[in-house]
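Heads up, the thing below is written out as structure tokens.
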Amino acid sequence: MARVVVDPVTRIEGHLRVEVEVDGGVVKDAWTTCTLFRGFEIFIKGRPPRDAWHIAHRICGVCPTSHGIAATLGLEQSFGVDLPYNALLVRNLMECAQELHSHVLWFYTLNAFDYVDVVSGLSAAPSTPGLKLVQDRLKAFAASGQLGFLENGYWGHPAMKLPPEMNLELTAHYLQALDIQAKAAQTLAVFGGKFPFHMSTPPGGVTCIPSLEDIENYEYIMKEVNDFVRNVFVPDVLAIAPYYMDLATIGKGVGNFLTWGVLEDRSHDPYKRFLPRGAIFDSKLAVDKVDPSEVQEYVSHSWYTEDSGQGKNPGDPNATTKPDYTTLDTAKKYTWSKCTQIKNHPMEVGTLARMLVAYLSDAPGAKKIVDSTLAALGAAGKPQILISALGRVATKALEASLFADATEANLAALKANLKSGDSYWFDPKGSQVPEKGNGVGAWDAPRGALAHWNRIQDSRIANYQAVPASNWNFSPRNDQGQRGPVEEALVGTPVADPEKPLEVLRVIHTFDP
């Protein structure tokens, strides 16, 4: 038996350590350690409520828009204000831009090199002048002897299966994706002022009142992003998938899925969001309703004092976040992530959860795109195949395509409503900071479900608790010893060479840490 430690896990947004036991060429056990303490709950406490959203969206540099909207939704609940329709559309367009930026970045920059052997492209026969130019650049890069993160890559690893020509083409698309990511960020800044930390979604509405020129600017730039998603991203994933169908047999995880939903509907009903709220339990392809009040946190294996968890809901007046680092001991405490559950179940969150719930809820476009993809993979009528490492990769591309559709639908609605005289801001006379109140904003970031709870007393934040996607996916064991979602997904993963645990990294990266 070999103990394999990957520390740090690279090509992720954040700080992560993973330890696995490999026996007979297969992972038998796993532990995930989030090595960064964030502590936002501590320094938001005591501040004026309007500060909370501005600070909280800095919890993540890749998902700031989602954290900002979740924080704002919770504050709007505390303030008792509604969101005007035009403001809803602007927020949706900002969220779409962030989701597309994140999905493209994840696949090409963070994930693709688990499957694409860049150096193999040197031996390819380029089919176009453009690919010949990329190959020439690649030759110059290799000849420089400064291969950077590719220096210790997986060349010749038995799990790398793409032919040289495909490796070259995907390298070309990687270079193209760098520009597309920037354009998606640019569209977000049209309404948000800047990226990553925008300035325009405080409680009550949006501070940007877009002109027709702003809308057309967003539309013009986003058209290139959407074209890339539909004509490059999705085809790339479908082209790679047949070489890696073994991924459909590993990484299944806990079989429980949660999404709070994303992109608001005019009704403000979370079950009518573009990608709706819902949960799936025990791999049963049926959607249950869930509420943030059902969330529970535990800290038996986390570096917090006992009163920071042990079954409390983050909205509990006595919920706290008190760090208590001891030492890294996988039998005791080994992570900064709390063990987060709902209805006593560990839950996987992220793109796979959203697409499964959307598919089963018959959300617009979801069933059609999933069914056509299953057919292309030779798995028509078998959505269970998506509950796997392969499913996480595939649904990232499919969801990106749906977000491309959503940008166009929300743009059309905003254009149609420009002359309506509708406001972008709730009546300021009715949106003053209350003396006391409490609320929760539950929303999905690209990486999965997140929620922000606030409690106001004497017109100040008396308590604030945030549960990001990492607290779900990278949850440690619960009090009964049940593994968290990523830990469980790693068990059963074959490892050809413990010195080069590529297969372990593949499963981890499918969760978009």
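By convention here, the chains of the structure tokens are called A, B, ... in the order presented, each chain's residues are numbered starting at 1, and ligands are numbered starting at 1 in the order presented.
Within the 9 Å cut-off around Ala394 in chain A, using only C-alpha atoms and omitting residues fewer than 4 positions from it on the same chain, the listed residues are Val234, Val237, Leu238, Ala241, Leu352, Thr373, Leu386, Ala389, Leu390, Leu398 and Glu399 of chain A.
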> If we count only C-alpha atoms, what is near Ala353 in chain A at a cut-off of 10 Å, once residues fewer than 3 positions away on the same chain are taken out, given as a list of chain:residue names?
Replying inline: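 What passes the distance filter is A:Gly255, A:Asn256, A:Phe257, A:Leu258, A:Thr259, A:Trp260, A:Gly261, A:Arg277, A:Gly278, A:Ala279, A:Ile280, A:Met347, A:Glu348, A:Val349, A:Gly350, A:Leu356, A:Val357, A:Ala358, A:Tyr359, A:Ile387, A:Arg392, A:Thr395, A:Gly448, A:Ala449.
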For the selection just defined, write its residues with N, CA and C atoms to a file, as a PDB file, in the first residue's frame.
ATOM      1  N   GLY A 255     -23.320  10.563  -4.875  1.00  0.00           N
ATOM      2  CA  GLY A 255     -24.615  10.338  -5.507  1.00  0.00           C
ATOM      3  C   GLY A 255     -25.710  11.281  -5.035  1.00  0.00           C
ATOM      4  N   ASN A 256     -25.336  12.309  -4.251  1.00  0.00           N
ATOM      5  CA  ASN A 256     -26.289  13.323  -3.805  1.00  0.00           C
ATOM      6  C   ASN A 256     -25.891  14.655  -4.432  1.00  0.00           C
ATOM      7  N   PHE A 257     -26.862  15.390  -4.960  1.00  0.00           N
ATOM      8  CA  PHE A 257     -26.556  16.612  -5.703  1.00  0.00           C
ATOM      9  C   PHE A 257     -27.444  17.760  -5.251  1.00  0.00           C
ATOM     10  N   LEU A 258     -26.854  18.949  -5.171  1.00  0.00           N
ATOM     11  CA  LEU A 258     -27.574  20.135  -4.698  1.00  0.00           C
ATOM     12  C   LEU A 258     -27.281  21.335  -5.582  1.00  0.00           C
ATOM     13  N   THR A 259     -28.304  22.086  -5.910  1.00  0.00           N
ATOM     14  CA  THR A 259     -28.147  23.399  -6.526  1.00  0.00           C
ATOM     15  C   THR A 259     -29.199  24.336  -5.959  1.00  0.00           C
ATOM     16  N   TRP A 260     -28.772  25.564  -5.659  1.00  0.00           N
ATOM     17  CA  TRP A 260     -29.736  26.592  -5.228  1.00  0.00           C
ATOM     18  C   TRP A 260     -30.367  27.269  -6.437  1.00  0.00           C
ATOM     19  N   GLY A 261     -29.819  27.014  -7.639  1.00  0.00           N
ATOM     20  CA  GLY A 261     -30.332  27.631  -8.853  1.00  0.00           C
ATOM     21  C   GLY A 261     -29.608  28.927  -9.177  1.00  0.00           C
ATOM     22  N   ARG A 277     -33.563  25.491  -8.708  1.00  0.00           N
ATOM     23  CA  ARG A 277     -33.161  24.903  -7.436  1.00  0.00           C
ATOM     24  C   ARG A 277     -33.657  23.454  -7.343  1.00  0.00           C
ATOM     25  N   GLY A 278     -32.904  22.650  -6.596  1.00  0.00           N
ATOM     26  CA  GLY A 278     -33.352  21.281  -6.367  1.00  0.00           C
ATOM     27  C   GLY A 278     -32.236  20.412  -5.829  1.00  0.00           C
ATOM     28  N   ALA A 279     -32.588  19.213  -5.402  1.00  0.00           N
ATOM     29  CA  ALA A 279     -31.613  18.258  -4.884  1.00  0.00           C
ATOM     30  C   ALA A 279     -31.973  16.854  -5.366  1.00  0.00           C
ATOM     31  N   ILE A 280     -30.942  16.029  -5.489  1.00  0.00           N
ATOM     32  CA  ILE A 280     -31.090  14.620  -5.846  1.00  0.00           C
ATOM     33  C   ILE A 280     -30.402  13.812  -4.746  1.00  0.00           C
ATOM     34  N   MET A 347     -23.346  16.470   0.028  1.00  0.00           N
ATOM     35  CA  MET A 347     -23.902  16.820  -1.272  1.00  0.00           C
ATOM     36  C   MET A 347     -22.811  17.289  -2.232  1.00  0.00           C
ATOM     37  N   GLU A 348     -22.869  16.783  -3.459  1.00  0.00           N
ATOM     38  CA  GLU A 348     -22.017  17.334  -4.514  1.00  0.00           C
ATOM     39  C   GLU A 348     -22.712  18.540  -5.120  1.00  0.00           C
ATOM     40  N   VAL A 349     -21.940  19.588  -5.364  1.00  0.00           N
ATOM     41  CA  VAL A 349     -22.478  20.785  -6.010  1.00  0.00           C
ATOM     42  C   VAL A 349     -21.632  21.096  -7.240  1.00  0.00           C
ATOM     43  N   GLY A 350     -22.175  21.914  -8.139  1.00  0.00           N
ATOM     44  CA  GLY A 350     -21.435  22.289  -9.334  1.00  0.00           C
ATOM     45  C   GLY A 350     -22.242  22.046 -10.590  1.00  0.00           C
ATOM     46  N   LEU A 356     -28.087  18.021 -13.972  1.00  0.00           N
ATOM     47  CA  LEU A 356     -28.986  16.909 -13.640  1.00  0.00           C
ATOM     48  C   LEU A 356     -30.342  17.426 -13.175  1.00  0.00           C
ATOM     49  N   VAL A 357     -30.321  18.429 -12.275  1.00  0.00           N
ATOM     50  CA  VAL A 357     -31.579  18.990 -11.777  1.00  0.00           C
ATOM     51  C   VAL A 357     -32.344  19.673 -12.907  1.00  0.00           C
ATOM     52  N   ALA A 358     -31.635  20.418 -13.769  1.00  0.00           N
ATOM     53  CA  ALA A 358     -32.288  21.092 -14.895  1.00  0.00           C
ATOM     54  C   ALA A 358     -32.886  20.075 -15.862  1.00  0.00           C
ATOM     55  N   TYR A 359     -32.143  19.012 -16.121  1.00  0.00           N
ATOM     56  CA  TYR A 359     -32.607  17.957 -17.030  1.00  0.00           C
ATOM     57  C   TYR A 359     -33.874  17.301 -16.492  1.00  0.00           C
ATOM     58  N   ILE A 387     -23.249  10.624 -14.016  1.00  0.00           N
ATOM     59  CA  ILE A 387     -22.813  10.594 -12.620  1.00  0.00           C
ATOM     60  C   ILE A 387     -21.442   9.934 -12.579  1.00  0.00           C
ATOM     61  N   ARG A 392     -18.933  15.176 -15.306  1.00  0.00           N
ATOM     62  CA  ARG A 392     -18.580  16.534 -14.850  1.00  0.00           C
ATOM     63  C   ARG A 392     -17.922  17.343 -15.960  1.00  0.00           C
ATOM     64  N   THR A 395     -20.778  18.029 -18.784  1.00  0.00           N
ATOM     65  CA  THR A 395     -21.828  18.990 -18.430  1.00  0.00           C
ATOM     66  C   THR A 395     -21.292  20.413 -18.324  1.00  0.00           C
ATOM     67  N   GLY A 448     -20.494  25.834  -7.986  1.00  0.00           N
ATOM     68  CA  GLY A 448     -21.553  25.166  -7.247  1.00  0.00           C
ATOM     69  C   GLY A 448     -22.294  26.057  -6.276  1.00  0.00           C
ATOM     70  N   ALA A 449     -23.112  25.419  -5.454  1.00  0.00           N
ATOM     71  CA  ALA A 449     -24.014  26.116  -4.546  1.00  0.00           C
ATOM     72  C   ALA A 449     -23.253  26.914  -3.501  1.00  0.00           C
TER      73      ALA A 449
END
> So which bits of range 68-239 of chain A end up alpha helix (DSSP H) when you DSSP the backbone, as JSON, numbers by chain?
Replying inline: {"A": [68, 69, 70, 71, 72, 73, 74, 75, 76, 77, 78, 79, 85, 86, 87, 88, 89, 90, 91, 92, 93, 94, 95, 96, 97, 98, 99, 100, 101, 102, 103, 104, 129, 130, 131, 132, 133, 134, 135, 136, 137, 138, 139, 140, 141, 142, 143, 164, 165, 166, 167, 168, 169, 170, 171, 172, 173, 174, 175, 176, 177, 178, 179, 180, 181, 182, 183, 184, 185, 186, 187, 188, 189, 190, 191, 192, 212, 213, 214, 215, 216, 217, 218, 219, 220, 221, 222, 223, 224, 225, 226, 227, 228, 234, 235, 236, 237, 238, 239]}
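Between CA of Ala184 in chain A and CA of Ser102 in chain A the separation is 8.8 Å.
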> Which of these, A:His268, A:Arg11, A:Arg483, A:His103, has the shortest distance to Ile180 in chain A once you count only C-alpha atoms?
Replying inline: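 Smallest distance to Ile180 in chain A is found for A:His103.
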> What's the 10 Å shell around Gly24 in chain A, counting only C-alpha atoms, without same-chain residues fewer than 4 positions away, as an NGL selection string?
Replying inline: :A and (1-2 or 28 or 494-496)
> DSSP says strand (DSSP E) for which residues of range 298-394 of chain A? Put them as a PyMOL selection string?
Replying inline: chain A and resi 298+339-342+345-346
> Quick one: of A:Met355, A:Val134, A:Val393, A:Met94, who's nearest to Glu165 in chain A, counting only C-alpha atoms?
Replying inline: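 Nearest to Glu165 in chain A: A:Val134.
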> What lies within 9 Å of range 498-501 of chain A using only C-alpha atoms, ignoring chain neighbours under 5 positions off, as a PyMOL selection string?
Replying inline: chain A and resi 2-4+6+22+25+153-154+157+506
The selected residues should be written to file as a JSON list (two decimals), in the first residue's frame (atoms: N, CA and C atoms).
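What landed in part-v1.json:
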[["chain", "number", "residue", "atom", "x", "y", "z"],
["A", 2, "ALA", "N", 0.53, 2.22, -0.82],
["A", 2, "ALA", "CA", 1.31, 3.46, -0.92],
["A", 2, "ALA", "C", 0.44, 4.64, -0.52],
["A", 3, "ARG", "N", 1.04, 5.56, 0.23],
["A", 3, "ARG", "CA", 0.37, 6.82, 0.55],
["A", 3, "ARG", "C", 0.87, 7.87, -0.43],
["A", 4, "VAL", "N", -0.04, 8.46, -1.19],
["A", 4, "VAL", "CA", 0.32, 9.46, -2.19],
["A", 4, "VAL", "C", -0.24, 10.80, -1.74],
["A", 6, "VAL", "N", -0.57, 14.81, -2.78],
["A", 6, "VAL", "CA", -0.44, 15.87, -3.79],
["A", 6, "VAL", "C", -0.66, 17.19, -3.06],
["A", 22, "VAL", "N", -3.18, 4.08, -2.02],
["A", 22, "VAL", "CA", -3.26, 3.28, -3.24],
["A", 22, "VAL", "C", -2.83, 1.85, -2.92],
["A", 25, "GLY", "N", -2.96, -0.82, -7.20],
["A", 25, "GLY", "CA", -3.19, 0.06, -8.34],
["A", 25, "GLY", "C", -4.51, 0.80, -8.32],
["A", 153, "GLY", "N", 5.60, 16.96, -17.06],
["A", 153, "GLY", "CA", 4.28, 16.52, -17.50],
["A", 153, "GLY", "C", 4.16, 15.01, -17.61],
["A", 154, "TYR", "N", 3.11, 14.57, -18.28],
["A", 154, "TYR", "CA", 2.78, 13.15, -18.31],
["A", 154, "TYR", "C", 3.03, 12.55, -19.69],
["A", 157, "HIS", "N", 2.65, 8.80, -20.52],
["A", 157, "HIS", "CA", 1.81, 8.16, -19.50],
["A", 157, "HIS", "C", 0.72, 7.35, -20.21],
["A", 506, "ARG", "N", -7.06, 14.01, -12.34],
["A", 506, "ARG", "CA", -8.21, 14.13, -13.23],
["A", 506, "ARG", "C", -9.52, 14.19, -12.46]]
> Using only C-alpha atoms, which of the listed residues (A:Phe233, A:Tyr85, A:Phe141, A:Phe281) sits closest to Ala397 in chain A?
Replying inline: A:Phe233
